[in-house]
file input_22.cif (mmCIF, C-alpha atoms)
data_entry
#
loop_
_atom_site.group_PDB
_atom_site.id
_atom_site.type_symbol
_atom_site.label_atom_id
_atom_site.label_comp_id
_atom_site.auth_asym_id
_atom_site.auth_seq_id
_atom_site.Cartn_x
_atom_site.Cartn_y
_atom_site.Cartn_z
ATOM 1 C CA MET F 15 27.039 -4.891 20.723
ATOM 2 C CA SER F 16 24.978 -8.081 20.627
ATOM 3 C CA ILE F 17 26.746 -9.237 23.820
ATOM 4 C CA ASN F 18 26.039 -5.861 25.428
ATOM 5 C CA THR F 19 22.378 -6.275 24.532
ATOM 6 C CA ALA F 20 22.236 -9.614 26.355
ATOM 7 C CA VAL F 21 24.188 -8.334 29.378
ATOM 8 C CA HIS F 22 21.894 -5.301 29.547
ATOM 9 C CA ALA F 23 18.797 -7.540 29.542
ATOM 10 C CA TRP F 24 20.396 -9.551 32.372
ATOM 11 C CA GLN F 25 21.017 -6.414 34.404
ATOM 12 C CA GLN F 26 17.481 -5.161 33.821
ATOM 13 C CA GLN F 27 16.057 -8.389 35.253
ATOM 14 C CA ASN F 28 18.385 -8.033 38.265
ATOM 15 C CA LYS F 29 17.091 -4.531 38.889
ATOM 16 C CA THR F 30 13.445 -5.499 38.451
ATOM 17 C CA ILE F 31 13.891 -8.231 41.062
ATOM 18 C CA ALA F 32 15.716 -5.878 43.444
ATOM 19 C CA ALA F 33 12.925 -3.297 43.034
ATOM 20 C CA LEU F 34 10.239 -5.926 43.718
ATOM 21 C CA PHE F 35 11.920 -6.885 46.998
ATOM 22 C CA ASP F 36 12.144 -3.217 48.022
ATOM 23 C CA LYS F 37 8.452 -2.647 47.426
ATOM 24 C CA TYR F 38 6.739 -4.022 50.527
ATOM 25 C CA ASP F 39 7.436 -4.591 54.214
ATOM 26 C CA ALA F 40 9.732 -7.550 54.911
ATOM 27 C CA GLU F 41 6.950 -9.819 56.251
ATOM 28 C CA VAL F 42 5.087 -9.672 52.934
ATOM 29 C CA TYR F 43 7.860 -11.768 51.384
ATOM 30 C CA GLU F 44 7.230 -14.534 53.913
ATOM 31 C CA HIS F 45 3.969 -15.213 52.069
ATOM 32 C CA GLU F 46 3.640 -17.907 49.426
ATOM 33 C CA VAL F 47 3.260 -16.331 45.986
ATOM 34 C CA ALA F 48 0.164 -18.520 45.429
ATOM 35 C CA PRO F 49 -1.537 -21.145 47.633
ATOM 36 C CA GLY F 50 0.751 -24.130 48.122
ATOM 37 C CA ARG F 51 3.613 -22.495 46.230
ATOM 38 C CA ASN F 52 6.967 -21.147 47.383
ATOM 39 C CA ARG F 53 7.406 -18.123 49.604
ATOM 40 C CA ALA F 54 8.724 -15.004 47.850
ATOM 41 C CA ASP F 55 11.865 -14.941 50.017
ATOM 42 C CA TYR F 56 12.502 -18.573 49.067
ATOM 43 C CA LEU F 57 12.384 -17.616 45.384
ATOM 44 C CA LEU F 58 14.896 -14.818 45.987
ATOM 45 C CA GLY F 59 17.250 -17.259 47.716
ATOM 46 C CA HIS F 60 16.789 -19.712 44.851
ATOM 47 C CA LEU F 61 17.672 -17.016 42.303
ATOM 48 C CA ILE F 62 20.788 -16.076 44.288
ATOM 49 C CA ALA F 63 21.934 -19.711 44.538
ATOM 50 C CA SER F 64 21.152 -20.275 40.857
ATOM 51 C CA ASN F 65 22.983 -17.193 39.604
ATOM 52 C CA ASP F 66 25.865 -17.785 42.042
ATOM 53 C CA SER F 67 26.524 -21.037 40.201
ATOM 54 C CA LEU F 68 27.365 -18.952 37.112
ATOM 55 C CA LEU F 69 30.728 -18.114 38.682
ATOM 56 C CA PRO F 70 32.075 -21.685 38.333
ATOM 57 C CA LEU F 71 29.918 -22.478 35.268
ATOM 58 C CA LEU F 72 31.347 -19.599 33.243
ATOM 59 C CA GLY F 73 34.854 -20.127 34.619
ATOM 60 C CA PHE F 74 34.987 -16.968 36.752
ATOM 61 C CA GLY F 75 35.749 -18.679 40.067
ATOM 62 C CA ASP F 76 34.063 -20.181 43.116
ATOM 63 C CA ARG F 77 30.534 -19.462 44.357
ATOM 64 C CA LEU F 78 30.261 -16.482 46.702
ATOM 65 C CA PHE F 79 27.611 -18.108 48.900
ATOM 66 C CA PRO F 80 28.068 -21.890 49.093
ATOM 67 C CA GLU F 81 26.241 -21.784 52.462
ATOM 68 C CA LEU F 82 22.982 -21.183 50.570
ATOM 69 C CA GLU F 83 23.133 -24.457 48.662
ATOM 70 C CA LYS F 84 21.541 -26.554 51.391
ATOM 71 C CA TYR F 85 18.242 -24.658 51.116
ATOM 72 C CA PHE F 86 17.858 -25.384 47.432
ATOM 73 C CA ALA F 87 19.589 -28.685 46.764
ATOM 74 C CA PRO F 88 17.301 -31.757 46.737
ATOM 75 C CA ASN F 89 17.248 -33.989 49.808
ATOM 76 C CA THR F 90 18.799 -31.526 52.235
ATOM 77 C CA GLU F 91 17.273 -30.692 55.596
ATOM 78 C CA TRP F 92 16.647 -27.105 56.541
ATOM 79 C CA SER F 93 14.055 -24.926 58.223
ATOM 80 C CA TYR F 94 12.872 -21.336 57.844
ATOM 81 C CA ASP F 95 14.133 -20.805 61.429
ATOM 82 C CA ASP F 96 17.689 -20.534 60.148
ATOM 83 C CA TYR F 97 16.853 -19.257 56.658
ATOM 84 C CA PRO F 98 18.569 -15.932 55.804
ATOM 85 C CA THR F 99 16.612 -12.752 56.536
ATOM 86 C CA LEU F 100 15.274 -10.627 53.700
ATOM 87 C CA ALA F 101 17.945 -7.999 54.455
ATOM 88 C CA GLU F 102 20.683 -10.634 54.148
ATOM 89 C CA LEU F 103 19.246 -11.956 50.884
ATOM 90 C CA LYS F 104 18.993 -8.486 49.391
ATOM 91 C CA GLN F 105 22.601 -7.789 50.329
ATOM 92 C CA LYS F 106 23.726 -11.065 48.722
ATOM 93 C CA TRP F 107 21.697 -10.286 45.580
ATOM 94 C CA GLU F 108 23.430 -6.939 45.205
ATOM 95 C CA LYS F 109 26.920 -8.281 45.908
ATOM 96 C CA LEU F 110 26.439 -11.170 43.486
ATOM 97 C CA ASN F 111 25.154 -8.958 40.691
ATOM 98 C CA ASN F 112 28.035 -6.530 41.117
ATOM 99 C CA THR F 113 30.545 -9.383 41.052
ATOM 100 C CA LEU F 114 28.990 -11.000 37.976
ATOM 101 C CA SER F 115 28.756 -7.657 36.165
ATOM 102 C CA VAL F 116 32.488 -7.083 36.591
ATOM 103 C CA HIS F 117 33.213 -10.510 35.083
ATOM 104 C CA PHE F 118 30.641 -10.075 32.288
ATOM 105 C CA ASN F 119 32.042 -6.704 31.261
ATOM 106 C CA LYS F 120 35.595 -8.052 31.112
ATOM 107 C CA LEU F 121 34.814 -11.168 29.044
ATOM 108 C CA PRO F 122 35.759 -10.672 25.353
ATOM 109 C CA ALA F 123 32.949 -11.249 22.828
ATOM 110 C CA ASN F 124 34.588 -14.341 21.300
ATOM 111 C CA GLU F 125 34.809 -15.997 24.743
ATOM 112 C CA TRP F 126 31.060 -15.500 25.249
ATOM 113 C CA LEU F 127 30.700 -17.803 22.260
ATOM 114 C CA GLY F 128 33.083 -20.358 23.752
ATOM 115 C CA LYS F 129 31.983 -23.382 25.728
ATOM 116 C CA HIS F 130 30.919 -23.227 29.356
ATOM 117 C CA THR F 131 32.678 -25.450 31.915
ATOM 118 C CA LYS F 132 30.020 -28.196 32.072
ATOM 119 C CA VAL F 133 30.079 -29.164 28.383
ATOM 120 C CA SER F 134 32.840 -31.329 26.922
ATOM 121 C CA GLU F 135 34.899 -30.256 23.898
ATOM 122 C CA GLU F 136 33.283 -33.093 21.922
ATOM 123 C CA ASP F 137 29.696 -32.116 22.764
ATOM 124 C CA PHE F 138 30.466 -28.450 22.145
ATOM 125 C CA ALA F 139 31.836 -29.258 18.684
ATOM 126 C CA THR F 140 28.494 -30.886 17.855
ATOM 127 C CA ASP F 141 26.379 -28.147 19.411
ATOM 128 C CA PRO F 142 28.129 -24.740 19.500
ATOM 129 C CA LEU F 143 24.961 -23.168 20.908
ATOM 130 C CA ARG F 144 26.005 -24.591 24.295
ATOM 131 C CA ASN F 145 28.093 -21.474 24.781
ATOM 132 C CA LYS F 146 28.461 -18.985 27.647
ATOM 133 C CA LEU F 147 26.112 -16.497 26.038
ATOM 134 C CA ALA F 148 23.362 -19.138 25.893
ATOM 135 C CA VAL F 149 23.847 -19.705 29.622
ATOM 136 C CA LEU F 150 23.494 -15.964 30.261
ATOM 137 C CA VAL F 151 20.328 -15.726 28.153
ATOM 138 C CA GLY F 152 18.914 -18.855 29.802
ATOM 139 C CA ARG F 153 19.492 -17.482 33.310
ATOM 140 C CA THR F 154 17.955 -14.161 32.267
ATOM 141 C CA ILE F 155 14.811 -15.986 31.138
ATOM 142 C CA HIS F 156 14.917 -17.901 34.437
ATOM 143 C CA MET F 157 14.753 -14.627 36.366
ATOM 144 C CA GLY F 158 11.771 -13.627 34.217
ATOM 145 C CA TYR F 159 10.112 -16.982 34.993
ATOM 146 C CA HIS F 160 10.184 -16.353 38.738
ATOM 147 C CA LEU F 161 9.345 -12.667 38.317
ATOM 148 C CA GLY F 162 6.115 -13.821 36.688
ATOM 149 C CA GLN F 163 5.375 -15.803 39.837
ATOM 150 C CA LEU F 164 6.476 -13.021 42.187
ATOM 151 C CA ALA F 165 4.026 -10.686 40.432
ATOM 152 C CA PHE F 166 1.254 -12.753 42.066
ATOM 153 C CA LEU F 167 2.393 -11.489 45.466
ATOM 154 C CA ASN F 168 0.746 -8.099 44.931
ATOM 155 C CA GLU F 169 -2.638 -8.886 46.365
ATOM 156 C CA LYS F 170 -1.256 -10.214 49.667
ATOM 157 C CA VAL F 171 -0.510 -6.632 50.598
ATOM 158 C CA ALA F 172 -4.187 -5.793 50.695
ATOM 159 C CA ILE F 173 -4.845 -8.514 53.278
ATOM 160 C CA MET E 30 26.574 -16.918 16.281
ATOM 161 C CA SER E 31 25.462 -14.598 19.070
ATOM 162 C CA ILE E 32 22.286 -13.838 17.100
ATOM 163 C CA ASN E 33 21.715 -17.570 16.575
ATOM 164 C CA THR E 34 22.044 -18.073 20.316
ATOM 165 C CA ALA E 35 19.283 -15.543 20.974
ATOM 166 C CA VAL E 36 17.021 -16.913 18.219
ATOM 167 C CA HIS E 37 17.553 -20.423 19.574
ATOM 168 C CA ALA E 38 16.538 -19.321 23.080
ATOM 169 C CA TRP E 39 13.409 -17.732 21.554
ATOM 170 C CA GLN E 40 12.514 -20.945 19.763
ATOM 171 C CA GLN E 41 13.081 -23.023 22.895
ATOM 172 C CA GLN E 42 10.589 -20.878 24.802
ATOM 173 C CA ASN E 43 8.080 -21.287 21.934
ATOM 174 C CA LYS E 44 8.446 -25.037 22.137
ATOM 175 C CA THR E 45 8.168 -25.161 25.915
ATOM 176 C CA ILE E 46 4.906 -23.208 25.709
ATOM 177 C CA ALA E 47 3.561 -25.439 22.906
ATOM 178 C CA ALA E 48 4.450 -28.530 24.959
ATOM 179 C CA LEU E 49 2.717 -27.135 28.048
ATOM 180 C CA PHE E 50 -0.501 -26.599 26.076
ATOM 181 C CA ASP E 51 -0.315 -30.160 24.717
ATOM 182 C CA LYS E 52 0.018 -31.655 28.179
ATOM 183 C CA TYR E 53 -3.508 -31.725 29.575
ATOM 184 C CA ASP E 54 -7.098 -31.951 28.361
ATOM 185 C CA ALA E 55 -8.419 -28.732 26.812
ATOM 186 C CA GLU E 56 -10.688 -27.865 29.774
ATOM 187 C CA VAL E 57 -7.701 -27.681 32.138
ATOM 188 C CA TYR E 58 -6.580 -24.512 30.353
ATOM 189 C CA GLU E 59 -9.884 -22.831 31.198
ATOM 190 C CA HIS E 60 -8.687 -22.735 34.820
ATOM 191 C CA GLU E 61 -7.058 -19.678 36.331
ATOM 192 C CA VAL E 62 -3.362 -20.333 36.933
ATOM 193 C CA ALA E 63 -3.839 -19.111 40.533
ATOM 194 C CA PRO E 64 -6.905 -17.808 42.413
ATOM 195 C CA GLY E 65 -8.058 -14.504 40.935
ATOM 196 C CA ARG E 66 -5.447 -14.646 38.158
ATOM 197 C CA ASN E 67 -5.761 -15.155 34.419
ATOM 198 C CA ARG E 68 -6.892 -18.363 32.777
ATOM 199 C CA ALA E 69 -4.139 -20.363 31.062
ATOM 200 C CA ASP E 70 -5.829 -20.022 27.656
ATOM 201 C CA TYR E 71 -5.969 -16.260 28.178
ATOM 202 C CA LEU E 72 -2.213 -16.211 28.749
ATOM 203 C CA LEU E 73 -1.665 -18.165 25.530
ATOM 204 C CA GLY E 74 -3.794 -15.660 23.609
ATOM 205 C CA HIS E 75 -1.888 -12.804 25.220
ATOM 206 C CA LEU E 76 1.439 -14.338 24.181
ATOM 207 C CA ILE E 77 0.189 -14.757 20.605
ATOM 208 C CA ALA E 78 -1.037 -11.153 20.417
ATOM 209 C CA SER E 79 2.170 -9.910 22.019
ATOM 210 C CA ASN E 80 4.511 -11.830 19.717
ATOM 211 C CA ASP E 81 2.327 -11.056 16.678
ATOM 212 C CA SER E 82 3.152 -7.387 17.259
ATOM 213 C CA LEU E 83 6.799 -8.234 16.509
ATOM 214 C CA LEU E 84 5.922 -8.392 12.803
ATOM 215 C CA PRO E 85 5.299 -4.616 12.544
ATOM 216 C CA LEU E 86 7.728 -3.748 15.374
ATOM 217 C CA LEU E 87 10.674 -5.411 13.646
ATOM 218 C CA GLY E 88 9.598 -4.215 10.201
ATOM 219 C CA PHE E 89 8.556 -7.624 8.842
ATOM 220 C CA GLY E 90 4.968 -6.686 7.927
ATOM 221 C CA ASP E 91 1.455 -6.632 9.346
ATOM 222 C CA ARG E 92 0.148 -8.707 12.246
ATOM 223 C CA LEU E 93 -1.196 -12.116 11.277
ATOM 224 C CA PHE E 94 -4.061 -12.021 13.797
ATOM 225 C CA PRO E 95 -5.361 -8.474 14.303
ATOM 226 C CA GLU E 96 -8.697 -10.012 15.357
ATOM 227 C CA LEU E 97 -7.084 -11.054 18.654
ATOM 228 C CA GLU E 98 -6.252 -7.531 19.747
ATOM 229 C CA LYS E 99 -9.653 -6.800 21.264
ATOM 230 C CA TYR E 100 -9.180 -9.467 23.936
ATOM 231 C CA PHE E 101 -5.951 -7.969 25.209
ATOM 232 C CA ALA E 102 -6.146 -4.236 24.558
ATOM 233 C CA PRO E 103 -7.304 -2.131 27.523
ATOM 234 C CA ASN E 104 -10.903 -0.888 27.575
ATOM 235 C CA THR E 105 -12.269 -3.301 24.996
ATOM 236 C CA GLU E 106 -15.358 -5.406 25.581
ATOM 237 C CA TRP E 107 -15.232 -9.133 25.056
ATOM 238 C CA SER E 108 -16.412 -12.363 26.620
ATOM 239 C CA TYR E 109 -15.086 -15.908 26.867
ATOM 240 C CA ASP E 110 -18.194 -16.946 24.859
ATOM 241 C CA ASP E 111 -16.509 -15.781 21.652
ATOM 242 C CA TYR E 112 -12.909 -16.291 22.788
ATOM 243 C CA PRO E 113 -10.892 -18.588 20.465
ATOM 244 C CA THR E 114 -10.810 -22.288 21.338
ATOM 245 C CA LEU E 115 -7.637 -23.902 22.593
ATOM 246 C CA ALA E 116 -7.251 -25.683 19.238
ATOM 247 C CA GLU E 117 -7.471 -22.358 17.398
ATOM 248 C CA LEU E 118 -4.952 -20.732 19.726
ATOM 249 C CA LYS E 119 -2.496 -23.591 19.350
ATOM 250 C CA GLN E 120 -2.785 -23.366 15.557
ATOM 251 C CA LYS E 121 -2.147 -19.614 15.659
ATOM 252 C CA TRP E 122 0.839 -20.116 17.979
ATOM 253 C CA GLU E 123 2.406 -22.557 15.536
ATOM 254 C CA LYS E 124 1.700 -20.449 12.452
ATOM 255 C CA LEU E 125 3.053 -17.315 14.129
ATOM 256 C CA ASN E 126 6.233 -19.001 15.304
ATOM 257 C CA ASN E 127 6.883 -20.454 11.862
ATOM 258 C CA THR E 128 6.346 -17.053 10.249
ATOM 259 C CA LEU E 129 8.590 -15.250 12.731
ATOM 260 C CA SER E 130 11.296 -17.910 12.435
ATOM 261 C CA VAL E 131 11.477 -17.400 8.659
ATOM 262 C CA HIS E 132 11.940 -13.645 9.162
ATOM 263 C CA PHE E 133 14.431 -14.102 12.010
ATOM 264 C CA ASN E 134 16.582 -16.488 10.008
ATOM 265 C CA LYS E 135 16.681 -14.114 7.031
ATOM 266 C CA LEU E 136 17.613 -10.975 8.974
ATOM 267 C CA PRO E 137 21.347 -10.168 8.662
ATOM 268 C CA ALA E 138 23.272 -9.832 11.954
ATOM 269 C CA ASN E 139 23.939 -6.109 11.492
ATOM 270 C CA GLU E 140 20.211 -5.428 11.059
ATOM 271 C CA TRP E 141 19.469 -7.156 14.367
ATOM 272 C CA LEU E 142 21.551 -4.383 15.903
ATOM 273 C CA GLY E 143 19.615 -1.705 14.020
ATOM 274 C CA LYS E 144 16.692 0.210 15.474
ATOM 275 C CA HIS E 145 13.202 -1.186 15.742
ATOM 276 C CA THR E 146 10.279 0.703 14.172
ATOM 277 C CA LYS E 147 9.000 2.357 17.363
ATOM 278 C CA VAL E 148 12.205 4.221 18.290
ATOM 279 C CA SER E 149 13.220 7.446 16.521
ATOM 280 C CA GLU E 150 16.619 7.886 14.867
ATOM 281 C CA GLU E 151 17.459 10.500 17.527
ATOM 282 C CA ASP E 152 16.571 8.294 20.494
ATOM 283 C CA PHE E 153 18.352 5.322 18.926
ATOM 284 C CA ALA E 154 21.534 7.399 18.499
ATOM 285 C CA THR E 155 21.445 8.085 22.258
ATOM 286 C CA ASP E 156 20.589 4.518 23.228
ATOM 287 C CA PRO E 157 21.751 1.915 20.667
ATOM 288 C CA LEU E 158 20.550 -0.858 22.991
ATOM 289 C CA ARG E 159 17.026 -0.135 21.727
ATOM 290 C CA ASN E 160 17.751 -2.477 18.844
ATOM 291 C CA LYS E 161 15.857 -5.384 17.284
ATOM 292 C CA LEU E 162 17.885 -7.972 19.173
ATOM 293 C CA ALA E 163 16.922 -6.353 22.487
ATOM 294 C CA VAL E 164 13.258 -6.660 21.461
ATOM 295 C CA LEU E 165 13.767 -10.361 20.697
ATOM 296 C CA VAL E 166 15.500 -10.991 24.034
ATOM 297 C CA GLY E 167 12.822 -8.993 25.870
ATOM 298 C CA ARG E 168 10.008 -11.001 24.300
ATOM 299 C CA THR E 169 11.845 -14.236 25.082
ATOM 300 C CA ILE E 170 12.017 -13.231 28.757
ATOM 301 C CA HIS E 171 8.320 -12.300 28.530
ATOM 302 C CA MET E 172 7.482 -15.856 27.451
ATOM 303 C CA GLY E 173 9.505 -17.119 30.426
ATOM 304 C CA TYR E 174 7.560 -14.764 32.722
ATOM 305 C CA HIS E 175 4.228 -16.290 31.768
ATOM 306 C CA LEU E 176 5.653 -19.818 31.686
ATOM 307 C CA GLY E 177 6.494 -19.310 35.350
ATOM 308 C CA GLN E 178 2.831 -18.559 35.969
ATOM 309 C CA LEU E 179 1.584 -21.376 33.755
ATOM 310 C CA ALA E 180 3.686 -23.809 35.791
ATOM 311 C CA PHE E 181 1.213 -23.196 38.636
ATOM 312 C CA LEU E 182 -1.474 -24.887 36.581
ATOM 313 C CA ASN E 183 -0.113 -28.349 37.378
ATOM 314 C CA GLU E 184 -2.044 -29.006 40.537
ATOM 315 C CA LYS E 185 -5.427 -28.215 38.966
ATOM 316 C CA VAL E 186 -5.158 -31.527 37.178
ATOM 317 C CA ALA E 187 -5.292 -33.411 40.431
ATOM 318 C CA ILE E 188 -8.592 -31.752 41.370
#
call {"tool": "encode", "arguments": {"input": "input_22.cif", "output": "structure tokens"}}
result
Amino acid sequence: MSINTAVHAWQQQNKTIAALFDKYDAEVYEHEVAPGRNRADYLLGHLIASNDSLLPLLGFGDRLFPELEKYFAPNTEWSYDDYPTLAELKQKWEKLNNTLSVHFNKLPANEWLGKHTKVSEEDFATDPLRNKLAVLVGRTIHMGYHLGQLAFLNEKVAI
Amino acid sequence: MSINTAVHAWQQQNKTIAALFDKYDAEVYEHEVAPGRNRADYLLGHLIASNDSLLPLLGFGDRLFPELEKYFAPNTEWSYDDYPTLAELKQKWEKLNNTLSVHFNKLPANEWLGKHTKVSEEDFATDPLRNKLAVLVGRTIHMGYHLGQLAFLNEKVAI
């Protein structure tokens, strides 16, 4: 039940983000969330790329959307001219969340408390809190972090 | 161990917030985090008042700082002239986190999965995810939400 609680919180954040990107016309998301900050559609892409990395990190398989990495990795060249459309991003968000949910619901509780793929057996023995569940909770907080920023988008609509 | 993972994530968010409010000179936190948004010191007060409500909500006792409620409750009159200083807020943040940590560490795992004080037995029977652990995870995400906004404060320092 404690795993379910964490998975449920994860899914709630997914839904809140999906609802936020359904709220306004597509061009609203091309605005920066605050002066000099990232565009809302950039933050959605970042969240997709970040959560997509959970597939290899938790041992579920390869990323679904490796083509997104170039927009978010440091020192890569890209332009908004070939950045995915909002419709494409929303589709990827939904597909990713469905895929992750299937894996999350199949993972036995004891494996949630096992190590993720980026920590060595030695380091995990010293710090058992570097488990898969901690990764899930951390990424859930990460969605909340950017939701806090996306909330600043509201007033652009009035312009 | 799954409870420990959640409590650890909670404590990490506490520390990240404390570190952010140690980073700059006090007057920096009197800035709005973005134009027309809340001041950073207001967000810290809000987080204190919000987490303070966990004491009654989780059945641990009364709030430590009921005097803060007027600044954050709707339809109450207040002014920044009598708003707590940054030093006072930081002290309250530390005291509150220490108090909550003692309660969290004493609560047995099965009680984390029990109902919180604001849900009825009937509603809890229908939705067992309305448990104490869910409240903890929700408030941890809430800290992340405002941390995302507080991160926008950085550039004020350059001004």
call {"tool": "resolve_selection", "arguments": {"input": "input_22.cif", "expression": "the PyMOL selection byres ((chain F and resi 163) around 10)", "output": "PyMOL selection string"}}
result
(chain F and resi 46-48+51-52+54+57+158-162+164-167) or (chain E and resi 63+174-181)
call {"tool": "closest_atom_pairs", "arguments": {"input": "input_22.cif", "of": "chain F", "to": "chain E", "cutoff": "9 Å", "atoms": "only C-alpha atoms", "output": "Markdown table"}}
result
| residue | atom | partner | partner_atom | distance |
| --- | --- | --- | --- | --- |
| F:Met15 | CA | E:Leu142 | CA | 7.3 |
| F:Ser16 | CA | E:Ser31 | CA | 6.7 |
| F:Ile17 | CA | E:Ser31 | CA | 7.3 |
| F:Asn18 | CA | E:Leu158 | CA | 7.8 |
| F:Thr19 | CA | E:Ala163 | CA | 5.8 |
| F:Ala20 | CA | E:Val166 | CA | 7.3 |
| F:His22 | CA | E:Leu158 | CA | 8.0 |
| F:Ala23 | CA | E:Gly167 | CA | 7.2 |
| F:Ala48 | CA | E:Ala63 | CA | 6.4 |
| F:Pro49 | CA | E:Ala63 | CA | 7.7 |
| F:Arg51 | CA | E:Phe181 | CA | 8.0 |
| F:Trp126 | CA | E:Ser31 | CA | 8.4 |
| F:Leu127 | CA | E:Ser31 | CA | 6.9 |
| F:Pro142 | CA | E:Met30 | CA | 8.6 |
| F:Leu143 | CA | E:Thr34 | CA | 5.9 |
| F:Arg144 | CA | E:Thr34 | CA | 8.6 |
| F:Asn145 | CA | E:Thr34 | CA | 8.3 |
| F:Leu147 | CA | E:Thr34 | CA | 7.2 |
| F:Ala148 | CA | E:Thr34 | CA | 5.8 |
| F:Val151 | CA | E:Ala35 | CA | 7.3 |
| F:Gly152 | CA | E:Ala38 | CA | 7.1 |
| F:Thr154 | CA | E:Ile170 | CA | 7.0 |
| F:Ile155 | CA | E:Ile170 | CA | 4.6 |
| F:His156 | CA | E:Gly173 | CA | 6.8 |
| F:Met157 | CA | E:Tyr174 | CA | 8.1 |
| F:Gly158 | CA | E:Tyr174 | CA | 4.6 |
| F:Tyr159 | CA | E:Tyr174 | CA | 4.1 |
| F:His160 | CA | E:Gly177 | CA | 5.8 |
| F:Leu161 | CA | E:Tyr174 | CA | 6.2 |
| F:Gly162 | CA | E:Tyr174 | CA | 4.3 |
| F:Gln163 | CA | E:Gln178 | CA | 5.4 |
| F:Phe166 | CA | E:Arg66 | CA | 8.0 |
call {"tool": "resolve_selection", "arguments": {"input": "input_22.cif", "expression": "the PyMOL selection byres ((chain E and resi 98) around 10)", "output": "MDAnalysis selection string"}}
result
chainID E and resid 74:75 77:79 81:82 92 94:97 99:103 105
call {"tool": "atom_distance", "arguments": {"input": "input_22.cif", "atom1": "atom CA of E:Tyr109", "atom2": "atom CA of E:Asp54"}}
result
18.0 Å
call {"tool": "closest_residue", "arguments": {"input": "input_22.cif", "among": "E:Asp91, E:Pro85, E:Glu59, E:Asn127", "to": "E:Thr114", "atoms": "all atoms listed in the file"}}
result
E:Glu59
call {"tool": "resolve_selection", "arguments": {"input": "input_22.cif", "expression": "the PyMOL selection byres ((chain E and resi 123) around 12)", "output": "PyMOL selection string"}}
result
chain E and resi 40+43-44+46-48+50+73+76-77+80-81+93+116-122+124-130
